[in-house]
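Participant: Quick one, entry_37.txt (compact mmCIF, C-alpha atoms):
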# COMPACT_ATOMS: atom_id res chain seq x y z
CA MET A 1 13.20 -4.57 55.97
CA THR A 2 13.25 -6.61 52.80
CA ALA A 3 12.13 -4.82 49.68
CA THR A 4 9.74 -6.66 47.39
CA LEU A 5 10.71 -6.34 43.76
CA PRO A 6 7.87 -5.60 41.37
CA GLN A 7 6.84 -8.61 39.38
CA ALA A 8 6.76 -8.54 35.59
CA PRO A 9 3.23 -8.76 34.20
CA PRO A 10 2.27 -12.19 32.91
CA ALA A 11 2.89 -13.00 29.26
CA ALA A 12 -0.80 -12.74 28.39
CA ALA A 13 -0.97 -9.20 29.82
CA ARG A 14 2.19 -8.13 27.95
CA SER A 15 0.76 -9.58 24.74
CA GLY A 16 -2.55 -7.79 25.28
CA ALA A 17 -0.82 -4.47 25.90
CA ARG A 18 1.33 -4.92 22.80
CA GLU A 19 -1.74 -5.67 20.68
CA ALA A 20 -3.55 -2.62 22.08
CA LEU A 21 -0.59 -0.38 21.26
CA ALA A 22 -0.30 -1.88 17.78
CA SER A 23 -4.00 -1.32 17.16
CA PHE A 24 -3.75 2.32 18.30
CA LEU A 25 -0.72 3.07 16.13
CA HIS A 26 -2.21 1.40 13.08
CA ARG A 27 -5.59 3.09 13.48
CA ALA A 28 -4.07 6.52 14.08
CA ALA A 29 -1.95 6.26 10.94
CA MET A 30 -4.35 4.44 8.65
CA ASP A 31 -7.84 5.84 9.23
CA PRO A 32 -7.36 9.19 7.42
CA ARG A 33 -4.95 7.52 5.00
CA ASP A 34 -7.62 5.10 3.79
CA ASP A 35 -10.18 7.83 3.09
CA ARG A 36 -7.68 9.94 1.16
CA VAL A 37 -6.33 7.02 -0.86
CA VAL A 38 -9.85 6.00 -1.85
CA ALA A 39 -10.69 9.57 -2.87
CA GLY A 40 -7.46 9.87 -4.82
CA ILE A 41 -8.11 6.65 -6.71
CA ARG A 42 -11.67 7.73 -7.50
CA ASP A 43 -10.34 10.98 -8.97
CA LEU A 44 -7.98 9.03 -11.26
CA VAL A 45 -10.36 6.20 -12.20
CA PRO A 46 -13.97 7.24 -11.53
CA ARG A 47 -15.49 3.90 -12.53
CA ALA A 48 -14.33 0.27 -12.66
CA ASP A 49 -16.46 -2.85 -12.80
CA SER A 50 -13.69 -5.29 -11.79
CA ILE A 51 -10.82 -4.57 -9.40
CA LEU A 52 -7.78 -6.51 -8.24
CA ASP A 53 -5.94 -5.27 -5.17
CA VAL A 54 -2.38 -6.62 -5.11
CA GLY A 55 -1.07 -6.97 -1.57
CA CYS A 56 -4.60 -6.62 -0.23
CA SER A 57 -4.05 -8.06 3.28
CA GLY A 58 -7.57 -8.59 4.67
CA GLY A 59 -9.26 -6.58 1.93
CA ARG A 60 -10.48 -3.67 4.07
CA LEU A 61 -9.25 -0.99 1.68
CA ALA A 62 -10.29 -2.93 -1.42
CA VAL A 63 -13.89 -3.01 -0.16
CA GLN A 64 -13.86 0.78 0.21
CA ILE A 65 -12.38 1.28 -3.26
CA ALA A 66 -14.95 -1.04 -4.82
CA ALA A 67 -17.81 0.85 -3.16
CA ALA A 68 -16.45 4.20 -4.33
CA LEU A 69 -16.01 3.02 -7.94
CA GLY A 70 -19.18 0.92 -8.19
CA ALA A 71 -17.29 -2.32 -8.81
CA ARG A 72 -19.23 -5.59 -8.79
CA ASP A 73 -16.14 -7.81 -8.84
CA VAL A 74 -13.37 -7.12 -6.31
CA ARG A 75 -10.63 -9.63 -5.59
CA GLY A 76 -7.25 -9.63 -3.94
CA ALA A 77 -3.85 -11.28 -4.12
CA ASP A 78 -1.33 -11.50 -1.30
CA VAL A 79 1.78 -13.46 -0.41
CA GLN A 80 0.33 -14.13 3.04
CA LEU A 81 -3.36 -15.01 3.36
CA GLN A 82 -5.20 -13.38 6.23
CA PRO A 83 -7.97 -15.11 8.19
CA ASP A 84 -11.49 -13.68 7.76
CA ALA A 85 -10.61 -11.64 4.66
CA LEU A 86 -13.45 -9.41 3.46
CA ILE A 87 -12.92 -10.28 -0.23
CA PRO A 88 -11.82 -13.40 -2.13
CA VAL A 89 -8.02 -13.48 -1.88
CA SER A 90 -5.71 -15.67 -3.95
CA GLU A 91 -2.28 -16.65 -2.69
CA TYR A 92 0.46 -14.96 -4.70
CA ASP A 93 4.14 -15.85 -4.90
CA GLY A 94 5.24 -12.29 -5.64
CA THR A 95 6.19 -13.22 -9.20
CA ARG A 96 3.12 -14.34 -11.16
CA LEU A 97 -0.44 -13.34 -10.40
CA PRO A 98 -2.82 -16.34 -10.38
CA PHE A 99 -5.25 -14.81 -12.88
CA PRO A 100 -5.70 -15.01 -16.65
CA ASP A 101 -4.77 -12.24 -19.06
CA ARG A 102 -7.12 -9.26 -19.44
CA GLU A 103 -9.20 -9.97 -16.36
CA PHE A 104 -9.57 -6.61 -14.54
CA ASP A 105 -10.49 -2.99 -15.29
CA LEU A 106 -8.32 -1.71 -12.46
CA VAL A 107 -5.38 -3.05 -10.47
CA THR A 108 -4.47 -1.23 -7.27
CA ILE A 109 -1.06 -1.58 -5.60
CA ILE A 110 -1.16 0.37 -2.35
CA ASP A 111 2.01 0.77 -0.28
CA VAL A 112 3.24 -2.59 -1.53
CA LEU A 113 5.95 -2.05 -4.14
CA HIS A 114 8.51 -0.72 -1.67
CA HIS A 115 8.29 -4.08 0.12
CA ALA A 116 8.34 -6.25 -3.02
CA ASP A 117 11.34 -8.49 -3.76
CA ASP A 118 10.77 -7.93 -7.50
CA PRO A 119 8.72 -4.76 -8.09
CA HIS A 120 9.23 -5.06 -11.86
CA ALA A 121 7.46 -8.41 -11.80
CA VAL A 122 4.58 -6.97 -9.76
CA VAL A 123 3.98 -4.15 -12.23
CA ARG A 124 4.52 -6.38 -15.27
CA GLU A 125 2.01 -8.94 -14.01
CA SER A 126 -0.46 -6.21 -13.10
CA LEU A 127 -0.29 -4.95 -16.68
CA ARG A 128 -0.83 -8.49 -17.98
CA VAL A 129 -4.11 -8.95 -16.12
CA LEU A 130 -5.53 -5.57 -17.20
CA LYS A 131 -8.34 -5.48 -19.71
CA PRO A 132 -7.76 -3.30 -22.80
CA GLY A 133 -8.08 0.28 -21.63
CA GLY A 134 -7.59 -0.74 -18.01
CA ARG A 135 -5.37 1.08 -15.56
CA ILE A 136 -3.09 0.46 -12.59
CA VAL A 137 -3.12 2.89 -9.69
CA VAL A 138 -0.11 2.80 -7.38
CA LYS A 139 0.04 4.52 -4.00
CA ASP A 140 3.56 4.54 -2.63
CA HIS A 141 6.42 6.63 -1.31
CA LEU A 142 9.00 8.90 -2.85
CA ARG A 143 12.59 9.02 -1.70
CA LEU A 144 13.97 12.55 -1.73
CA GLY A 145 17.28 11.87 0.01
CA ALA A 146 18.79 10.06 2.97
CA TRP A 147 16.59 11.80 5.56
CA SER A 148 13.36 10.89 3.75
CA ASN A 149 14.52 7.28 3.49
CA TRP A 150 14.97 7.12 7.27
CA VAL A 151 11.59 8.79 7.92
CA LEU A 152 9.77 6.44 5.55
CA LEU A 153 11.31 3.38 7.19
CA ALA A 154 10.34 4.66 10.65
CA MET A 155 6.82 5.45 9.42
CA ASP A 156 6.41 1.97 7.95
CA THR A 157 7.67 0.37 11.14
CA ALA A 158 5.24 2.33 13.32
CA SER A 159 2.16 1.87 11.15
CA ASN A 160 2.73 -1.87 10.67
CA PHE A 161 3.85 -2.59 14.24
CA GLY A 162 2.13 -5.75 15.43
CA VAL A 163 -0.09 -5.87 12.33
CA HIS A 164 2.10 -7.15 9.50
CA VAL A 165 5.44 -8.88 9.33
CA HIS A 166 7.98 -6.09 8.98
CA THR A 167 10.16 -6.11 5.89
CA ALA A 168 12.72 -3.57 4.77
CA GLY A 169 11.50 -0.79 2.53
CA ARG A 170 13.13 0.05 -0.79
CA TYR A 171 12.00 3.59 -1.50
CA LEU A 172 12.40 4.96 -5.01
CA SER A 173 13.46 8.36 -6.30
CA PRO A 174 11.51 10.05 -9.14
CA PRO A 175 13.80 8.71 -11.91
CA GLU A 176 13.65 5.22 -10.38
CA TRP A 177 9.86 5.27 -10.51
CA THR A 178 9.93 6.20 -14.20
CA ASN A 179 12.46 3.46 -14.95
CA LEU A 180 10.52 0.86 -12.95
CA VAL A 181 7.27 1.43 -14.80
CA ALA A 182 8.89 1.68 -18.24
CA GLY A 183 10.99 -1.43 -17.62
CA ALA A 184 7.82 -3.38 -16.77
CA GLY A 185 6.14 -2.32 -20.02
CA GLY A 186 4.01 0.51 -18.68
CA GLN A 187 3.72 4.27 -18.95
CA ILE A 188 2.94 6.76 -16.20
CA GLU A 189 -0.08 8.78 -17.34
CA THR A 190 -0.63 10.84 -14.20
CA MET A 191 1.37 11.50 -11.05
CA VAL A 192 -0.36 13.06 -8.07
CA TRP A 193 2.43 14.59 -5.99
CA PRO A 194 2.67 15.75 -3.29
CA PHE A 195 -0.20 13.64 -1.98
CA GLN A 196 -1.66 14.32 1.46
CA VAL A 197 -2.18 11.13 3.45
CA HIS A 198 -1.81 12.00 7.13
CA ASP A 199 -3.27 14.59 9.49
CA LEU A 200 -1.30 16.51 12.06
CA PRO A 201 0.83 15.65 13.97
CA TRP A 202 1.87 12.72 11.72
CA ARG A 203 2.17 15.07 8.73
CA LEU A 204 4.98 17.02 10.40
CA ILE A 205 7.20 13.96 9.91
CA ALA A 206 5.50 11.92 7.17
CA ARG A 207 5.32 14.90 4.84
CA ASN A 208 3.01 15.09 1.83
CA GLU A 209 6.11 15.19 -0.39
CA TYR A 210 6.92 11.62 0.62
CA HIS A 211 3.68 10.23 -0.86
CA LEU A 212 2.47 9.89 -4.44
CA LEU A 213 -0.24 8.35 -6.59
CA LEU A 214 0.48 7.01 -10.08
CA ARG A 215 -1.98 6.10 -12.83
CA ILE A 216 -0.31 3.66 -15.22
CA ARG A 217 -1.35 2.19 -18.57
CA ALA A 218 0.26 -0.30 -20.89
CA ALA A 219 2.92 1.33 -23.07
Using structure tokens, write down the structure that the file contains.
Facilitator:
Amino acid sequence: MTATLPQAPPAAARSGAREALASFLHRAAMDPRDDRVVAGIRDLVPRADSILDVGCSGGRLAVQIAAALGARDVRGADVQLQPDALIPVSEYDGTRLPFPDREFDLVTIIDVLHHADDPHAVVRESLRVLKPGGRIVVKDHLRLGAWSNWVLLAMDTASNFGVHVHTAGRYLSPPEWTNLVAGAGGQIETMVWPFQVHDLPWRLIARNEYHLLLRIRAA
């Protein structure tokens, strides 16, 4: 008897399965995260008429933030433009934001700075485009040692699998966050830490202590 070897599924089927898995992973990680980030931002900045979301991707989260804060003007900037974005998005080279000075009440930078080639430039430019009295809110990660660095990298890889181009994360310790903001010309007004993002079982690994919110003003 001759055994028949199982055939590999066609490329289209493999691609469809990969996209389905990517969608599941991203949704499982991001759905509660989005609600909690929006609520956290609203607690720090209850009202803003104009918002810029730096690293906005397709603008899904920016739309939710704008609705929560009553903003009439919400725009985005990203180094890679996404098709069918929900908000107007300007292409951004990672160095200089394509907006004039004093343009926005609020700039949000959500899980972006740890991927930035020049995070100082991102914060510095975000301060430049703030109106007088405006604020930046950063949601990002906190490195608490070698183990947390590994967990954060694994968490990023899983949540972005098949959704965004993966880039290495550069996770900052508490003193590095202070130095980053001060070096860019800003001052941390408020730090929300630990910050709960994920539900169980994700929270057993991606602990609340690995997440923070910062409200920043011009120094």
Participant: With a distance cut-off of 9 Å and all atoms listed in the file, select the neighbouring residues of A:Leu81, excluding the residue or stretch itself and same-chain residues fewer than 2 positions from it, and output the selection as a VMD selection string.
Facilitator: chain A and resid 57 to 58 77 to 79 83 85 89 to 92
Participant: Residues within 9 Å of A:Gly40, please, as number ranges by chain. Count all atoms listed in the file; anything in the same chain fewer than 4 positions from it doesn't count.
Facilitator: A: 35-36, 44-45, 192, 195, 213
Participant: Quick one: everything within 12 Å of A:Asp111, counting all atoms listed in the file, minus sequence neighbours fewer than 4 positions away in the same chain. Send it as a PDB file with C-alpha atoms, keeping the file's coordinate frame.
Facilitator:
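So the final result, stored in around35.pdb, reads:
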ATOM      1  CA  MET A  30      -4.350   4.440   8.650  1.00  0.00           C
ATOM      2  CA  ARG A  33      -4.950   7.520   5.000  1.00  0.00           C
ATOM      3  CA  ASP A  34      -7.620   5.100   3.790  1.00  0.00           C
ATOM      4  CA  VAL A  37      -6.330   7.020  -0.860  1.00  0.00           C
ATOM      5  CA  ASP A  53      -5.940  -5.270  -5.170  1.00  0.00           C
ATOM      6  CA  VAL A  54      -2.380  -6.620  -5.110  1.00  0.00           C
ATOM      7  CA  GLY A  55      -1.070  -6.970  -1.570  1.00  0.00           C
ATOM      8  CA  CYS A  56      -4.600  -6.620  -0.230  1.00  0.00           C
ATOM      9  CA  SER A  57      -4.050  -8.060   3.280  1.00  0.00           C
ATOM     10  CA  LEU A  61      -9.250  -0.990   1.680  1.00  0.00           C
ATOM     11  CA  HIS A 115       8.290  -4.080   0.120  1.00  0.00           C
ATOM     12  CA  ALA A 116       8.340  -6.250  -3.020  1.00  0.00           C
ATOM     13  CA  PRO A 119       8.720  -4.760  -8.090  1.00  0.00           C
ATOM     14  CA  VAL A 137      -3.120   2.890  -9.690  1.00  0.00           C
ATOM     15  CA  VAL A 138      -0.110   2.800  -7.380  1.00  0.00           C
ATOM     16  CA  LYS A 139       0.040   4.520  -4.000  1.00  0.00           C
ATOM     17  CA  ASP A 140       3.560   4.540  -2.630  1.00  0.00           C
ATOM     18  CA  HIS A 141       6.420   6.630  -1.310  1.00  0.00           C
ATOM     19  CA  LEU A 142       9.000   8.900  -2.850  1.00  0.00           C
ATOM     20  CA  LEU A 152       9.770   6.440   5.550  1.00  0.00           C
ATOM     21  CA  MET A 155       6.820   5.450   9.420  1.00  0.00           C
ATOM     22  CA  ASP A 156       6.410   1.970   7.950  1.00  0.00           C
ATOM     23  CA  SER A 159       2.160   1.870  11.150  1.00  0.00           C
ATOM     24  CA  ASN A 160       2.730  -1.870  10.670  1.00  0.00           C
ATOM     25  CA  GLY A 169      11.500  -0.790   2.530  1.00  0.00           C
ATOM     26  CA  ARG A 170      13.130   0.050  -0.790  1.00  0.00           C
ATOM     27  CA  TYR A 171      12.000   3.590  -1.500  1.00  0.00           C
ATOM     28  CA  VAL A 197      -2.180  11.130   3.450  1.00  0.00           C
ATOM     29  CA  TYR A 210       6.920  11.620   0.620  1.00  0.00           C
ATOM     30  CA  HIS A 211       3.680  10.230  -0.860  1.00  0.00           C
ATOM     31  CA  LEU A 212       2.470   9.890  -4.440  1.00  0.00           C
ATOM     32  CA  LEU A 213      -0.240   8.350  -6.590  1.00  0.00           C
ATOM     33  CA  LEU A 214       0.480   7.010 -10.080  1.00  0.00           C
TER      34      LEU A 214
END
Participant: Could you work out how far atom CA of A:Leu153 lies from atom CA of A:Arg96, giving the answer in Å with one decimal?
Facilitator: 26.8 Å
Participant: Which value, in Å to one decimal, gives the distance between atom CA of A:Arg207 and atom CA of A:Trp177?
Facilitator: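 That distance, rounded to one decimal, is 18.7 Å.
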Participant: At what distance in Å, to one decimal, does atom CA of A:Asp117 lie from atom CA of A:Pro98?
Facilitator: 17.5 Å
Participant: Name the residues within 7 Å of (-4.1, -11.6, -12.4), counting only C-alpha atoms in the file's coordinates, and put them as JSON, numbers by chain.
Facilitator: {"A": [97, 98, 99, 100, 101, 103, 125, 126, 129]}
Participant: Select, from A:Gly70, A:Gly185, A:Pro32, A:Pro46, the residue with the minimum atom-to-atom distance to A:Leu200, counting all atoms listed in the file.
Facilitator: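 Looking at the shortest contact to A:Leu200, the residue is A:Pro32.
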Participant: Tell me which of A:Pro175, A:Pro194, A:Gly76, A:Gly186 sits closest to A:Asn208, counting all atoms listed in the file.
Facilitator: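 Going through A:Pro175, A:Pro194, A:Gly76, A:Gly186 one by one, the smallest distance to A:Asn208 is for A:Pro194.
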Participant: Smallest atom-to-atom distance to A:Asp118: which of A:Ala154, A:Ile51, A:Leu180, A:Ala68, using only C-alpha atoms?
Facilitator: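 Closest candidate: A:Leu180.
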Participant: Just write stretch 186-219 of chain A with N, CA and C atoms, as a compact mmCIF listing (two decimals), in the first residue's frame, taken from the block above.
Facilitator:
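Saved result, decode.txt, follows:
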# COMPACT_ATOMS: atom_id res chain seq x y z
N GLY A 186 9.84 69.51 27.61
CA GLY A 186 8.56 69.36 28.30
C GLY A 186 8.72 69.06 29.77
N GLN A 187 7.59 68.96 30.45
CA GLN A 187 7.56 68.63 31.87
C GLN A 187 6.41 67.67 32.11
N ILE A 188 6.69 66.58 32.84
CA ILE A 188 5.63 65.64 33.19
C ILE A 188 4.81 66.24 34.33
N GLU A 189 3.53 66.49 34.07
CA GLU A 189 2.63 67.01 35.10
C GLU A 189 2.03 65.89 35.94
N THR A 190 1.61 64.83 35.25
CA THR A 190 0.92 63.73 35.92
C THR A 190 1.38 62.42 35.32
N MET A 191 1.63 61.44 36.19
CA MET A 191 1.90 60.08 35.74
C MET A 191 0.86 59.16 36.37
N VAL A 192 0.14 58.45 35.53
CA VAL A 192 -0.80 57.44 36.01
C VAL A 192 -0.09 56.09 35.90
N TRP A 193 0.26 55.53 37.05
CA TRP A 193 1.00 54.27 37.09
C TRP A 193 0.80 53.61 38.44
N PRO A 194 0.56 52.31 38.46
CA PRO A 194 0.33 51.42 37.31
C PRO A 194 -0.99 51.73 36.64
N PHE A 195 -1.08 51.37 35.38
CA PHE A 195 -2.26 51.68 34.57
C PHE A 195 -2.81 50.37 33.99
N GLN A 196 -4.06 50.04 34.36
CA GLN A 196 -4.64 48.79 33.89
C GLN A 196 -5.10 48.93 32.45
N VAL A 197 -4.60 48.05 31.60
CA VAL A 197 -4.95 48.03 30.18
C VAL A 197 -5.70 46.75 29.84
N HIS A 198 -5.18 45.61 30.28
CA HIS A 198 -5.69 44.32 29.83
C HIS A 198 -6.52 43.62 30.89
N ASP A 199 -7.44 42.77 30.43
CA ASP A 199 -8.18 41.87 31.29
C ASP A 199 -7.39 40.58 31.48
N LEU A 200 -7.88 39.74 32.38
CA LEU A 200 -7.35 38.39 32.48
C LEU A 200 -7.74 37.60 31.24
N PRO A 201 -6.90 36.72 30.73
CA PRO A 201 -5.63 36.26 31.30
C PRO A 201 -4.42 37.10 30.88
N TRP A 202 -4.62 38.05 29.92
CA TRP A 202 -3.48 38.83 29.43
C TRP A 202 -2.76 39.54 30.57
N ARG A 203 -3.53 39.99 31.59
CA ARG A 203 -2.95 40.80 32.65
C ARG A 203 -1.98 40.01 33.52
N LEU A 204 -2.05 38.69 33.50
CA LEU A 204 -1.10 37.89 34.26
C LEU A 204 0.32 38.06 33.75
N ILE A 205 0.43 38.36 32.45
CA ILE A 205 1.75 38.54 31.83
C ILE A 205 2.02 40.02 31.60
N ALA A 206 1.09 40.69 30.91
CA ALA A 206 1.24 42.12 30.62
C ALA A 206 0.71 42.91 31.80
N ARG A 207 1.47 42.92 32.88
CA ARG A 207 1.02 43.46 34.16
C ARG A 207 0.73 44.95 34.08
N ASN A 208 -0.14 45.41 34.99
CA ASN A 208 -0.47 46.83 35.05
C ASN A 208 0.78 47.69 35.25
N GLU A 209 1.77 47.14 35.96
CA GLU A 209 2.99 47.90 36.25
C GLU A 209 3.82 48.19 35.01
N TYR A 210 3.52 47.53 33.91
CA TYR A 210 4.26 47.75 32.67
C TYR A 210 3.65 48.85 31.80
N HIS A 211 2.55 49.46 32.27
CA HIS A 211 1.85 50.46 31.47
C HIS A 211 1.74 51.76 32.26
N LEU A 212 1.80 52.88 31.53
CA LEU A 212 1.65 54.18 32.18
C LEU A 212 1.02 55.19 31.24
N LEU A 213 0.42 56.21 31.83
CA LEU A 213 -0.07 57.39 31.12
C LEU A 213 0.68 58.59 31.65
N LEU A 214 1.08 59.49 30.73
CA LEU A 214 1.75 60.73 31.12
C LEU A 214 0.99 61.92 30.55
N ARG A 215 0.78 62.93 31.38
CA ARG A 215 0.29 64.22 30.87
C ARG A 215 1.47 65.18 30.91
N ILE A 216 1.75 65.80 29.76
CA ILE A 216 2.96 66.60 29.58
C ILE A 216 2.59 67.99 29.12
N ARG A 217 3.27 68.98 29.64
CA ARG A 217 3.11 70.38 29.18
C ARG A 217 4.47 70.90 28.79
N ALA A 218 4.47 72.05 28.14
CA ALA A 218 5.72 72.72 27.81
C ALA A 218 6.40 73.20 29.09
N ALA A 219 7.71 73.05 29.17
CA ALA A 219 8.44 73.45 30.38
C ALA A 219 8.50 74.97 30.49
